[in-house]
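As structure tokens, the structure follows; a few thoughts come after it.
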Protein chains: 4
Amino acid sequence: MPKDVMAGDAAALKARFLAVRERSEALAAGLSAEDLCVQTMDDVSPGKWHLAHVTWFWETFLLQPHKVGYAVFDDRFSFLFNSYYEAVGDRHPRPERGFLTRPSLDEVLAYRCYVTAAVAEFLDAADADTLRKVGTVLKTGFAHEEQHQELFLTDIKHVLSRASFPEAAYPAGRHETSPILASAPAPDWVRFKGGLDVFGHASSSFAFDNEGPVHKAWIDPFELATRPVTNAEFLAFIEAGGYREPRYWLAEGWGVICEEGRAAPFYWRKTDGGWMEYTLHGLEPLDPDAPVCHLDYYEASAFADWAGARLPDEREWELAARAYDPARGRWANPDRRLHPMAPDDEGPLLGLFGEVWEWTRSAYTAYPGFKPVEGAIGEYNGKFMCGQYVLRGGSALSPPDHLRATYRNFFPPDAQWQMTGLRLARDV
Amino acid sequence: MPKDVMAGDAAALKARFLAVRERSEALAAGLSAEDLCVQTMDDVSPGKWHLAHVTWFWETFLLQPHKVGYAVFDDRFSFLFNSYYEAVGDRHPRPERGFLTRPSLDEVLAYRCYVTAAVAEFLDAADADTLRKVGTVLKTGFAHEEQHQELFLTDIKHVLSRASFPEAAYPAGRHETSPILASAPAPDWVRFKGGLDVFGHASSSFAFDNEGPVHKAWIDPFELATRPVTNAEFLAFIEAGGYREPRYWLAEGWGVICEEGRAAPFYWRKTDGGWMEYTLHGLEPLDPDAPVCHLDYYEASAFADWAGARLPDEREWELAARAYDPARGRWANPDRRLHPMAPDDEGPLLGLFGEVWEWTRSAYTAYPGFKPVEGAIGEYNGKFMCGQYVLRGGSALSPPDHLRATYRNFFPPDAQWQMTGLRLARDV
Amino acid sequence: MPKDVMAGDAAALKARFLAVRERSEALAAGLSAEDLCVQTMDDVSPGKWHLAHVTWFWETFLLQPHKVGYAVFDDRFSFLFNSYYEAVGDRHPRPERGFLTRPSLDEVLAYRCYVTAAVAEFLDAADADTLRKVGTVLKTGFAHEEQHQELFLTDIKHVLSRASFPEAAYPAGRHETSPILASAPAPDWVRFKGGLDVFGHASSSFAFDNEGPVHKAWIDPFELATRPVTNAEFLAFIEAGGYREPRYWLAEGWGVICEEGRAAPFYWRKTDGGWMEYTLHGLEPLDPDAPVCHLDYYEASAFADWAGARLPDEREWELAARAYDPARGRWANPDRRLHPMAPDDEGPLLGLFGEVWEWTRSAYTAYPGFKPVEGAIGEYNGKFMCGQYVLRGGSALSPPDHLRATYRNFFPPDAQWQMTGLRLARDV
Amino acid sequence: MPKDVMAGDAAALKARFLAVRERSEALAAGLSAEDLCVQTMDDVSPGKWHLAHVTWFWETFLLQPHKVGYAVFDDRFSFLFNSYYEAVGDRHPRPERGFLTRPSLDEVLAYRCYVTAAVAEFLDAADADTLRKVGTVLKTGFAHEEQHQELFLTDIKHVLSRASFPEAAYPAGRHETSPILASAPAPDWVRFKGGLDVFGHASSSFAFDNEGPVHKAWIDPFELATRPVTNAEFLAFIEAGGYREPRYWLAEGWGVICEEGRAAPFYWRKTDGGWMEYTLHGLEPLDPDAPVCHLDYYEASAFADWAGARLPDEREWELAARAYDPARGRWANPDRRLHPMAPDDEGPLLGLFGEVWEWTRSAYTAYPGFKPVEGAIGEYNGKFMCGQYVLRGGSALSPPDHLRATYRNFFPPDAQWQMTGLRLARDV
């Protein structure tokens with residue numbers, strides 16, 4: 001996390017803060033208290049929980065330590081809405097988040113108002129010195145709430161898909177709902193010569209701790225596909241028997257797909273009328289040109305093996321994506337459709353940001369020289385550096401202005417409920 | 001089920017029907033959509049599901065076969081709200097009842113209105129011949145909805161106890177909430193001489209199929225305790241190390257309490273201020289004179305063994321309870337407190353009905369000569385005659401006029417979330 | 001257990017003792033140390049464990065309390081070879097019995113020799129008073145070791161069936177191995193008028209505690225099938241879709257067969273050459289006339305329902321079998337084939353003893369007035385009176401002279417690895 | 001794997017082959033058929049299985065494809081003793097390896113003789129061209145059988161520790177059994193300046209496929225501890241509450257230790273007489289100066305965090321260990337004690353090879369440019385490159401001449417039954 005003095009003044013920070021808060025509430029609009037309450041699997045958190053948890057973060061890391069005389073909204077909430085910070089005390093068990101009928105949605109919304117107002121008041125009164133002190137917490141809080149906005153959408157997608165028959169659509173709000181059935185360009189490769197280079201987040205702008213420190217690494221020459229793998233390409237893998245042929249699969253992955261009977265991406269549905277895909281806009285015919293999504297790491301890896309290619313290393317991806325940063329493209333449109341589409345940006349590399357999170361072959365681990373930040377907020381990333389893989393890019397559910405070339409997302413290899421796809425790489 | 005001609009006319013039946021329907025809705029009043037949506041364990045069904053399922057029963061067994069031109073409210077509901085009737089088609093998986101954010105509570109209440117109105121209209125138009133044909137379905141439907149009213153309360157009790165911290169109270173409505181701290185009389189025995197007798201439901205009034213046929217059985221002389229075991233008595237068992245001494249326990253029960261760490265009745269809470277009990281009226285100090293409740297069969301059996309007695313056989317209980325039928329006592333008060341209290345009825349046997357369901361030592365099995373009714377409604381009881389034990393009496397959550405001496409309730413031996421207790425018996 | 005003075009003198013008891021001990025060892029002859037060591041599921045105990053456990057019983061209940069100056073063979077064995085007697089101290093965990101490579105088979109055989117010699121020496125020296133004191137323990141020890149002889153065979157059958165490919169045959173010893181392909185007589189019924197009668201073990205000969213006390217019960221008129229259900233009859237049930245039709249099944253049983261994919265009796269194997277059955281004599285073509293075996297309770301109950309009949313009550317069975325006791329038939333031949341065959345005894349009821357254990361519809365529970373014996377040996381039966389069903393008769397694996405009309409065997413309803421079948425009953 | 005022409009002639013290869021085969025059998029000497037049959041957890045394979053599996057490897061990859069007229073010993077063995085090669089056909093389920101009482105130990109030893117003789121005969125007759133063709137298979141076969149020799153010892157250690165009470169010692173054979181209670185030198189650091197360097201196996205001698213290809217990587221300056229962490233140091237971590245303090249632990253590891261109640265290394269036993277450790281030579285007092293062993297990755301990582309250091313990257317380890325290769329030290333003594341001791345080799349880095357496998361922080365993944373070998377033997381390593389961590393060095397159980405600086409061992413992060421420890425590293 002940057003140690004620099006705060007860029008921007010209190011007014012700008014407050015505007016940013018209010019916009020982030022408002023976006024969370026906008027995402028929940030049109031959903032019922034029931035939709036926001038249930039938990040359809042352990043990995044999923046209820047929408048209400050997300051709304052409360054990000055609020056707890058502001059209360060715990062900004063208001064309680066820094067706002068003189070701040071009175072907590074409800075002292076039981078620390079137990080209920082702490083996600084994993086062991087240093088902050090005991091936590092409500094994750095698989096029981098769906099039991100929380102109390103506090104009600106209305107109470108959680110009142111909690112949000114209370115904390116939003118308190119932070120706004122705090123920022124109104126803050127002098128430069130105070131702002132310098134809380135700069136990192138503020139920026140982390142923005143990024144944290146934005147991350148939970150994406151999780152809110154992936155989680156509510158799972159809830160809506162299990163909640164009823166037929167599967168319900170998310171209330172669209174201002175979002176475009178119709179697919180633009182653009183053609184995906186033919187697959188092609190871009191060559192990179194690699195060499196000794198520098199990686200990780202270097203600028204003074206915000207980044208998570210896991211994006212640093214800046215460090216050197218050697219990269220052999222490689223090629224990266226111009227665009228993500230499409231539904232049509234993944235369907236060809238299925239039709240070629242890809243899910244029945246162990247030689248494409250990691251041993252652990254083969255075990256998982258056999259045990260769970262996985263035979264297609266998570267939200268694909270085979271119907272009499274052909275393949276459909278459940279999206280946040282309802283059940284739609286599979287778009288052959290759209291990037292394939294909701295793959296786990298094993299599926300991505302097996303596809304790459306079948307295609308005679310491999311997943312990229314996370315530093316290959318970063319090296320290639322630098323030229324496209326700050327991230328451009330359709331994803332930056334706040335009203336865009338909540339599902340990936342054939343990319344429409346300018347290349348040669350297309351759709352790097354904002355269609356699907358792209359699995360890399362890099363296990364999620366600390367960069368050389370990494371040291372967690374001291375204190376509870378330092379639990380943020382380091383403790384999860386085991387058993388997960390890095391994803392790069394971003395998805396159609398990522399918030400505007402949230403992505404960058406150094407961003408490291410991470411999930412366990414069997415996770416399917418995130419909007420995850422892949423882009424091929426190969427050795428030269 | 002009685003094959004007799006319908007007693008009562010259409011108007012009385014309609015009044016009865018409307019009263020049953022209204023009571024279900026009254027029980028849900030004051031609970032939020034969230035309270036009525038979640039499922040806190042596989043055995044628990046959400047309140048909303050109960051409200052819908054009993055409605056589905058009326059639609060499936062009364063309206064669809066018998067009301068000319070009846071149009072179902074929503075044809076997806078048959079899949080969602082069938083509980084176990086295999087003959088009626090596929091069912092939504094029980095452990096996923098808590099995923100049903102759709103239909104919403106409002107839609108379920110609309111479904112109730114629609115079906116209630118249709119049944120009322122049907123009854124208004126029914127001639128004597130029609131009434132004769134649907135008599136059994138009607139009476140079964142009343143009893144079925146009443147059963148689910150009790151399950152609604154036991155399930156919502158579980159939900160409220162897991163949903164928040166501290167545990168929330170049920171919205172009381174007209175129910176008395178304060179305990180009347182009456183004294184329990186000293187324990188005593190009533191002797192019965194037994195002999196060859198006749199058991200099972202004999203009159204022309206309604207009874208479930210499992211209460212018949214009437215049959216002979218021989219009963220040895222026995223004694224039955226004048227009242228249920230109290231909290232104070234059960235506490236003495238705990239303090240004597242009852243949960244740590246395998247010799248009191250059935251082998252299967254000892255396995256369960258060791259594995260799950262059970263060491264007190266389900267809703268007891270040990271606090272710095274002594275033992276408390278979670279009730280539908282909130283967390284209260286343990287009432288030493290009230291009947292102990294929320295015991296499983298193993299706990300009831302172990303207590304009886306420790307006390308030098310045993311559980312009654314279900315026919316012993318029935319023989320003793322006949323003199324007290326039609327059931328009297330506090331339970332018949334529709335506004336009574338939703339928790340057992342020291343019985344205040346006239347003896348010598350006290351509190352037979354309406355404090356706690358009393359575990360018997362009788363495995364739940366068919367009476368001699370039992371034949372299930374033909375058709376889907378005949379799935380009602382026979383298929384569960386395995387792995388469960390019979391409970392007699394009724395609880396503080398049982399609906400008024402729902403109980404009788406021949407009534408056979410049944411639950412698996414590890415069930416704790418029902419309002420279950422015990423009364424001792426012994427050989428002479 | 002009878003309190004009477006010991007019938008027979010010390011010499012006869014010693015001869016009986018030595019014969020029982022020798023038979024256990026004869027059953028193990030021809031099996032390797034490996035065969036006798038492994039455990040193929042939690043319910044199965046290794047052969048070596050059975051050989052040691054029955055020896056531990058003699059040491060613990062006869063030698064230690066009664067033989068002056070007796071030195072235990074190895075004081076660690078009490079921990080290892082106690083099966084469930086909580087009163088005797090801690091036990092080795094049941095699912096880890098297959099880990100016991102130590103003590104080796106040779107050491108266990110040495111343990112047997114040591115204990116056998118000590119008991120023989122004890123009996124040589126015992127006066128009438130001593131014999132009177134240990135009479136119950138001795139007779140219980142005989143019956144206990146005989147029970148484990150049958151378990152030894154059912155367990156080694158499971159081991160051999162899982163241990164290799166193709167499944168290995170048990171070393172036959174003197175046992176007849178070829179099936180006598182006799183015809184089963186056409187099915188027929190015998191009528192019993194029932195009434196008030198007396199049940200349970202009455203004579204002064206040995207019986208387990210669960211066979212008493214003698215008590216009265218009323219039995220309605222009933223009919224019992226002349227012979228057990230055959231493989232051909234059960235195959236007709238399968239071919240009629242019996243395993244796919246929930247209406248024949250108890251709800252709990254339907255859950256089990258769906259979850260585990262059960263679709264035929266446990267040891268049946270469908271091959272290109274038709275149905276085969278794994279027996280202790282190897283894989284054999286299914287004998288259509290032999291009693292079907294290795295059914296669980298659910299399968300027996302579903303078959304009976306499909307056949308328009310029901311399982312007998314255990315007292316119906318006892319009432320009918322009295323006339324055939326002391327048990328006759330092929331089973332009394334100590335060298336008989338270790339698999340059921342079409343019965344060859346005299347009727348009208350055929351094959352009551354020694355072909356298959358016959359499931360009854362009676363949950364395993366205490367008889368009226370039952371009191372467990374005081375002390376550790378009193379743990380014998382009472383604590384298992386939950387969650388099991390009574391089986392009557394006996395199987396082709398039961399030791400000679402071990403069976404009688406009042407004998408109550410019991411297993412959980414999903415148990416398939418015992419030699420269990422059924423005989424139909426029906427109401428008149 | 002090297003493509004070079006075979007170094008050494010047929011006679012040398014035969015001698016090497018016979019020595020490897022003989023060593024496997026020597027390791028099994030003194031163990032009973034029972035010891036070699038059972039499986040005490042899914043990760044453990046029975047000793048008999050190891051003896052057969054390595055033999056199956058020779059039969060499948062050398063004799064069947066290359067020896068004219070070779071007749072397989074038993075065609076069922078391919079099903080039973082294939083470990084994971086999907087390309088070779090169906091496999092016996094891993095958790096059921098302990099069910100294989102058949103083939104018996106004697107049959108497996110006969111299988112070994114048969115295959116050993118056939119390979120020897122093949123080598124006697126092989127011309128240079130043939131030797132060139134089978135060179136890779138031969139060398140892989142040597143390394144493969146040696147790997148299973150170490151697994152044989154770690155697995156039999158687990159078996160003996162669970163098989164009896166008290167835990168049994170491994171029959172020592174010629175192995176030194178007494179600990180040499182040498183002092184561990186004070187901990188110190190060696191500094192490496194890092195830079196751009198070349199990694200992976202480069203020479204023409206044998207290496208596994210995962211040790212290549214040779215590739216460049218950049219290493220920042222670092223320091224490596226002069227010796228592995230000792231028992232005394234790990235005990236200090238325990239006594240400082242290390243197992244109770246979540247801040248030292250990876251989130252996944254904290255979950256595992258809480259769920260399983262881990263509170264000390266796997267084979268440590270707390271007794272009234274202080275800490276003991278179960279070793280293959282029996283239960284011994286904990287040697288404070290010996291390297292700590294049987295840690296999982298989480299424990300190694302938590303210790304390093306507590307100590308203010310970190311685990312080394314696998315390339316740091318390789319860079320540091322090059323100067324010590326060919327591996328020296330006590331481990332080269334074939335009769336050494338089967339447990340780590342304070343290292344006695346020459347430094348500055350001590351005990352790099354042959355005391356404990358040292359966890360690195362490197363997830364097990366393909367080196368840049370890695371391509372699996374074509375064909376079944378190519379399944380060897382690549383498919384396991386997920387969910388595991390690299391260990392470097394070697395243990396007191398590793399066969400002589402088996403280790404080298406580029407060797408990459410790998411296990412899942414929760415594995416404790418291997419002889420695993422750690423050496424600290426830190427940034428400069």
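FYI, nothing fancy with the structure tokens labels: chains A, B, ... in order, residues from 1 per chain, ligands from 1 as they appear.
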
Worksheet entry | DSSP helix (DSSP H, G or I) residues within region 196-389 of chain B, listed as a PyMOL selection string | chain B and resi 209-211+231-239+242-244+246-248+251-260+297-306+314-324+330-332+376-379+382-384

Worksheet item: Contacts of Thr101 (chain B) at 7 Å or less, counting only C-alpha atoms, minus same-chain residues fewer than 4 places along, as number ranges by chain?
Response: A: 34-35, 163; B: 37

9 Å contacts from chain C to chain D using only C-alpha atoms, as a CSV table (one decimal) with N, CA, C and O atoms, in the first residue's frame:
```
chain,number,residue,atom,x,y,z
C,32,SER,N,-5.1,-67.1,5.5
C,32,SER,CA,-3.8,-66.5,5.7
C,32,SER,C,-3.8,-65.5,6.8
C,32,SER,O,-4.9,-64.9,7.2
C,33,ALA,N,-2.7,-65.1,7.4
C,33,ALA,CA,-2.6,-64.0,8.4
C,33,ALA,C,-3.2,-62.8,7.8
C,33,ALA,O,-3.8,-62.0,8.4
C,34,GLU,N,-3.0,-62.5,6.5
C,34,GLU,CA,-3.5,-61.3,5.8
C,34,GLU,C,-5.0,-61.4,5.8
C,34,GLU,O,-5.7,-60.4,6.1
C,35,ASP,N,-5.6,-62.5,5.3
C,35,ASP,CA,-7.1,-62.7,5.3
C,35,ASP,C,-7.7,-62.3,6.6
C,35,ASP,O,-8.8,-61.8,6.7
C,36,LEU,N,-7.0,-62.7,7.7
C,36,LEU,CA,-7.6,-62.6,9.0
C,36,LEU,C,-7.3,-61.2,9.7
C,36,LEU,O,-7.7,-61.0,10.8
C,37,CYS,N,-6.6,-60.4,9.0
C,37,CYS,CA,-6.1,-59.1,9.5
C,37,CYS,C,-6.9,-57.9,9.0
C,37,CYS,O,-7.2,-57.0,9.8
C,38,VAL,N,-7.4,-57.9,7.8
C,38,VAL,CA,-7.9,-56.7,7.2
C,38,VAL,C,-9.4,-56.5,7.6
C,38,VAL,O,-10.1,-57.4,8.0
C,39,GLN,N,-9.8,-55.2,7.5
C,39,GLN,CA,-11.2,-54.8,7.8
C,39,GLN,C,-11.7,-54.0,6.6
C,39,GLN,O,-11.2,-53.0,6.2
C,40,THR,N,-12.7,-54.6,5.9
C,40,THR,CA,-13.2,-54.0,4.7
C,40,THR,C,-14.3,-53.0,4.8
C,40,THR,O,-14.7,-52.3,3.8
C,76,ARG,N,-2.4,-55.5,27.7
C,76,ARG,CA,-2.8,-54.6,26.7
C,76,ARG,C,-4.1,-55.1,25.9
C,76,ARG,O,-4.8,-54.4,25.3
C,80,LEU,N,-7.5,-53.7,23.5
C,80,LEU,CA,-7.6,-54.0,22.1
C,80,LEU,C,-8.9,-54.9,21.8
C,80,LEU,O,-9.5,-54.7,20.7
C,96,GLU,N,-10.8,-49.1,13.5
C,96,GLU,CA,-9.4,-49.3,13.4
C,96,GLU,C,-9.0,-50.7,13.8
C,96,GLU,O,-7.8,-51.0,14.0
C,97,ARG,N,-10.0,-51.6,13.8
C,97,ARG,CA,-9.6,-53.0,14.1
C,97,ARG,C,-8.7,-53.6,13.1
C,97,ARG,O,-7.9,-54.5,13.3
C,98,GLY,N,-8.9,-53.1,11.8
C,98,GLY,CA,-8.0,-53.6,10.7
C,98,GLY,C,-6.6,-53.1,10.8
C,98,GLY,O,-5.8,-53.4,10.0
C,99,PHE,N,-6.3,-52.2,11.7
C,99,PHE,CA,-4.9,-51.7,11.9
C,99,PHE,C,-4.1,-52.6,12.7
C,99,PHE,O,-2.9,-52.4,12.8
C,100,LEU,N,-4.7,-53.6,13.4
C,100,LEU,CA,-4.0,-54.4,14.4
C,100,LEU,C,-3.1,-55.4,13.7
C,100,LEU,O,-3.4,-56.6,13.8
C,101,THR,N,-2.0,-55.0,13.2
C,101,THR,CA,-1.1,-56.0,12.7
C,101,THR,C,-0.4,-56.7,13.9
C,101,THR,O,0.1,-57.8,13.8
C,102,ARG,N,-0.3,-55.9,15.0
C,102,ARG,CA,0.2,-56.5,16.2
C,102,ARG,C,-1.0,-56.5,17.2
C,102,ARG,O,-1.7,-55.5,17.3
C,103,PRO,N,-1.2,-57.5,18.0
C,103,PRO,CA,-0.5,-58.8,18.0
C,103,PRO,C,-0.7,-59.5,16.7
C,103,PRO,O,-1.8,-59.4,16.1
C,104,SER,N,0.2,-60.3,16.3
C,104,SER,CA,0.2,-61.1,15.1
C,104,SER,C,-0.8,-62.2,15.3
C,104,SER,O,-1.2,-62.6,16.4
C,105,LEU,N,-1.2,-62.9,14.2
C,105,LEU,CA,-2.0,-64.0,14.2
C,105,LEU,C,-1.4,-65.1,15.1
C,105,LEU,O,-2.1,-65.7,15.9
C,159,VAL,N,-14.7,-59.8,3.4
C,159,VAL,CA,-13.3,-59.6,3.1
C,159,VAL,C,-12.9,-60.3,1.8
C,159,VAL,O,-12.2,-59.6,1.0
C,160,LEU,N,-13.3,-61.5,1.7
C,160,LEU,CA,-12.8,-62.2,0.5
C,160,LEU,C,-13.5,-61.6,-0.8
C,160,LEU,O,-12.9,-61.6,-1.8
C,162,ARG,N,-14.0,-58.5,-1.3
C,162,ARG,CA,-13.4,-57.2,-1.6
C,162,ARG,C,-11.9,-57.4,-1.9
C,162,ARG,O,-11.2,-56.4,-2.3
C,163,ALA,N,-11.3,-58.5,-1.5
C,163,ALA,CA,-9.9,-58.6,-1.4
C,163,ALA,C,-9.2,-58.9,-2.7
C,163,ALA,O,-8.0,-58.7,-2.8
C,164,SER,N,-9.8,-59.3,-3.7
C,164,SER,CA,-9.1,-59.7,-4.9
C,164,SER,C,-10.1,-59.7,-6.0
C,164,SER,O,-11.3,-59.6,-5.9
C,165,PHE,N,-9.6,-59.9,-7.2
C,165,PHE,CA,-10.4,-59.9,-8.4
C,165,PHE,C,-9.8,-61.1,-9.3
C,165,PHE,O,-8.7,-61.0,-9.7
C,166,PRO,N,-10.6,-62.1,-9.5
C,166,PRO,CA,-12.0,-62.3,-9.0
C,166,PRO,C,-12.1,-62.6,-7.6
C,166,PRO,O,-11.1,-62.9,-6.9
C,168,ALA,N,-12.4,-64.4,-4.1
C,168,ALA,CA,-11.8,-65.6,-3.7
C,168,ALA,C,-12.9,-66.5,-2.9
C,168,ALA,O,-13.7,-65.9,-2.3
```

Would you kindly return, as a compact mmCIF listing (two decimals) with N, CA, C and O atoms, in the first residue's frame, each protein, DNA or RNA residue with an atom no farther than 6 Å from any atom of Asp313 (chain C), considering only C-alpha atoms and excluding same-chain residues fewer than 2 positions away?
```txt
# COMPACT_ATOMS: atom_id res chain seq x y z
N ARG C 315 -43.54 -62.30 17.17
CA ARG C 315 -44.27 -63.28 18.00
C ARG C 315 -45.09 -64.24 17.13
O ARG C 315 -45.31 -65.38 17.50
N GLU C 316 -45.57 -63.78 16.00
CA GLU C 316 -46.20 -64.71 15.04
C GLU C 316 -45.20 -65.79 14.66
O GLU C 316 -45.51 -66.98 14.63
N THR C 360 -38.21 -59.83 10.61
CA THR C 360 -39.59 -59.60 11.04
C THR C 360 -39.85 -58.10 11.01
O THR C 360 -38.92 -57.30 10.90
N ARG C 361 -41.13 -57.73 11.13
CA ARG C 361 -41.43 -56.30 11.15
C ARG C 361 -41.30 -55.71 12.55
O ARG C 361 -41.66 -54.56 12.78
N SER C 362 -40.80 -56.50 13.48
CA SER C 362 -40.72 -56.05 14.87
C SER C 362 -39.42 -55.31 15.14
O SER C 362 -38.34 -55.86 14.98
```

Item to complete: Might you pull out every residue within 12 Å of Ala186 (chain A), with only C-alpha atoms counted and same-chain residues fewer than 2 positions away left off, and present them as an MDAnalysis selection string?
Response: chainID A and resid 183:184 188:189 225:230 232:233 289 342 350

Worksheet item: Which residues, written as a list in words, have at least one atom at most 12 Å from Arg21 (chain C), with only C-alpha atoms counted and residues fewer than 6 positions away on the same chain left out?
Response: Lys14, Ala15, Leu27, Ala28, His50, Leu51, Ala52, Val54, Thr55, Trp58, Leu109, Arg112, Cys113, Tyr114, Val115, Thr116, Ala117, Val119, Ala120, Gly141, Phe142, Ala143, His144, Glu145, Glu146, His148 and Gln149 of chain C

Can I get the selected residues back with C-alpha atoms, as a PDB file, in the first residue's frame?
```pdb
ATOM      1  CA  LYS C  14     -15.213 -78.991  29.622  1.00  0.00           C
ATOM      2  CA  ALA C  15     -15.985 -81.097  26.557  1.00  0.00           C
ATOM      3  CA  LEU C  27     -13.102 -71.956  10.847  1.00  0.00           C
ATOM      4  CA  ALA C  28      -9.850 -70.006  10.550  1.00  0.00           C
ATOM      5  CA  HIS C  50     -12.967 -62.321  16.521  1.00  0.00           C
ATOM      6  CA  LEU C  51     -10.551 -65.055  17.592  1.00  0.00           C
ATOM      7  CA  ALA C  52      -9.051 -62.742  20.195  1.00  0.00           C
ATOM      8  CA  VAL C  54     -14.036 -64.281  22.328  1.00  0.00           C
ATOM      9  CA  THR C  55     -10.890 -65.254  24.213  1.00  0.00           C
ATOM     10  CA  TRP C  58     -13.372 -65.915  28.812  1.00  0.00           C
ATOM     11  CA  LEU C 109      -3.388 -68.181  18.538  1.00  0.00           C
ATOM     12  CA  ARG C 112      -6.168 -68.723  22.612  1.00  0.00           C
ATOM     13  CA  CYS C 113      -4.105 -71.715  23.735  1.00  0.00           C
ATOM     14  CA  TYR C 114      -3.181 -70.054  26.988  1.00  0.00           C
ATOM     15  CA  VAL C 115      -6.764 -69.154  27.853  1.00  0.00           C
ATOM     16  CA  THR C 116      -8.192 -72.467  26.680  1.00  0.00           C
ATOM     17  CA  ALA C 117      -5.737 -74.305  28.896  1.00  0.00           C
ATOM     18  CA  VAL C 119     -10.261 -72.588  31.514  1.00  0.00           C
ATOM     19  CA  ALA C 120      -9.786 -76.333  31.150  1.00  0.00           C
ATOM     20  CA  GLY C 141     -19.496 -67.777  26.869  1.00  0.00           C
ATOM     21  CA  PHE C 142     -20.457 -70.754  24.716  1.00  0.00           C
ATOM     22  CA  ALA C 143     -23.256 -68.824  23.067  1.00  0.00           C
ATOM     23  CA  HIS C 144     -21.081 -65.751  22.692  1.00  0.00           C
ATOM     24  CA  GLU C 145     -18.279 -67.627  20.968  1.00  0.00           C
ATOM     25  CA  GLU C 146     -20.811 -69.342  18.697  1.00  0.00           C
ATOM     26  CA  HIS C 148     -18.867 -64.773  16.795  1.00  0.00           C
ATOM     27  CA  GLN C 149     -18.353 -67.910  14.714  1.00  0.00           C
TER      28      GLN C 149
END
```

Item to complete: Pick out each residue of region 101-318 of chain B that DSSP on the backbone tags as strand (DSSP E or B); I need them as a PyMOL selection string.
Response: chain B and resi 189-192+195-199+215-219+222-225+230+268-271+274-279+282-285+291+310

Fill in: Non-local contacts of region 269-283 of chain D (7 Å; only C-alpha atoms; under 4 positions in same chain excluded) as a count of residues only
8

Worksheet entry | Distance query Phe411 (chain D) at most 7 Å, only C-alpha atoms, self and fewer than 5 positions along chain excluded, as an MDAnalysis selection string | chainID D and resid 388:390

Write out, as a compact mmCIF listing (two decimals), in the first residue's frame, the residues just selected, with all heavy atoms.
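The resulting file, out.txt, is shown below:
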```txt
# COMPACT_ATOMS: atom_id res chain seq x y z
N GLN D 388 0.21 -28.58 -4.54
CA GLN D 388 1.29 -29.16 -3.76
C GLN D 388 2.44 -28.14 -3.62
O GLN D 388 2.49 -27.17 -4.36
CB GLN D 388 1.80 -30.42 -4.45
CG GLN D 388 0.65 -31.34 -4.88
CD GLN D 388 0.98 -32.82 -4.80
OE1 GLN D 388 1.57 -33.29 -3.84
NE2 GLN D 388 0.61 -33.54 -5.82
N TYR D 389 3.34 -28.40 -2.70
CA TYR D 389 4.50 -27.53 -2.52
C TYR D 389 5.78 -28.34 -2.72
O TYR D 389 5.82 -29.55 -2.45
CB TYR D 389 4.49 -26.89 -1.12
CG TYR D 389 3.55 -25.72 -1.09
CD1 TYR D 389 2.19 -25.89 -0.88
CD2 TYR D 389 4.02 -24.43 -1.36
CE1 TYR D 389 1.32 -24.81 -0.91
CE2 TYR D 389 3.16 -23.35 -1.39
CZ TYR D 389 1.81 -23.54 -1.16
OH TYR D 389 0.96 -22.47 -1.21
N VAL D 390 6.82 -27.62 -3.17
CA VAL D 390 8.10 -28.27 -3.44
C VAL D 390 8.91 -28.42 -2.16
O VAL D 390 8.95 -27.49 -1.35
CB VAL D 390 8.90 -27.46 -4.49
CG1 VAL D 390 10.30 -28.05 -4.67
CG2 VAL D 390 8.14 -27.43 -5.80
```
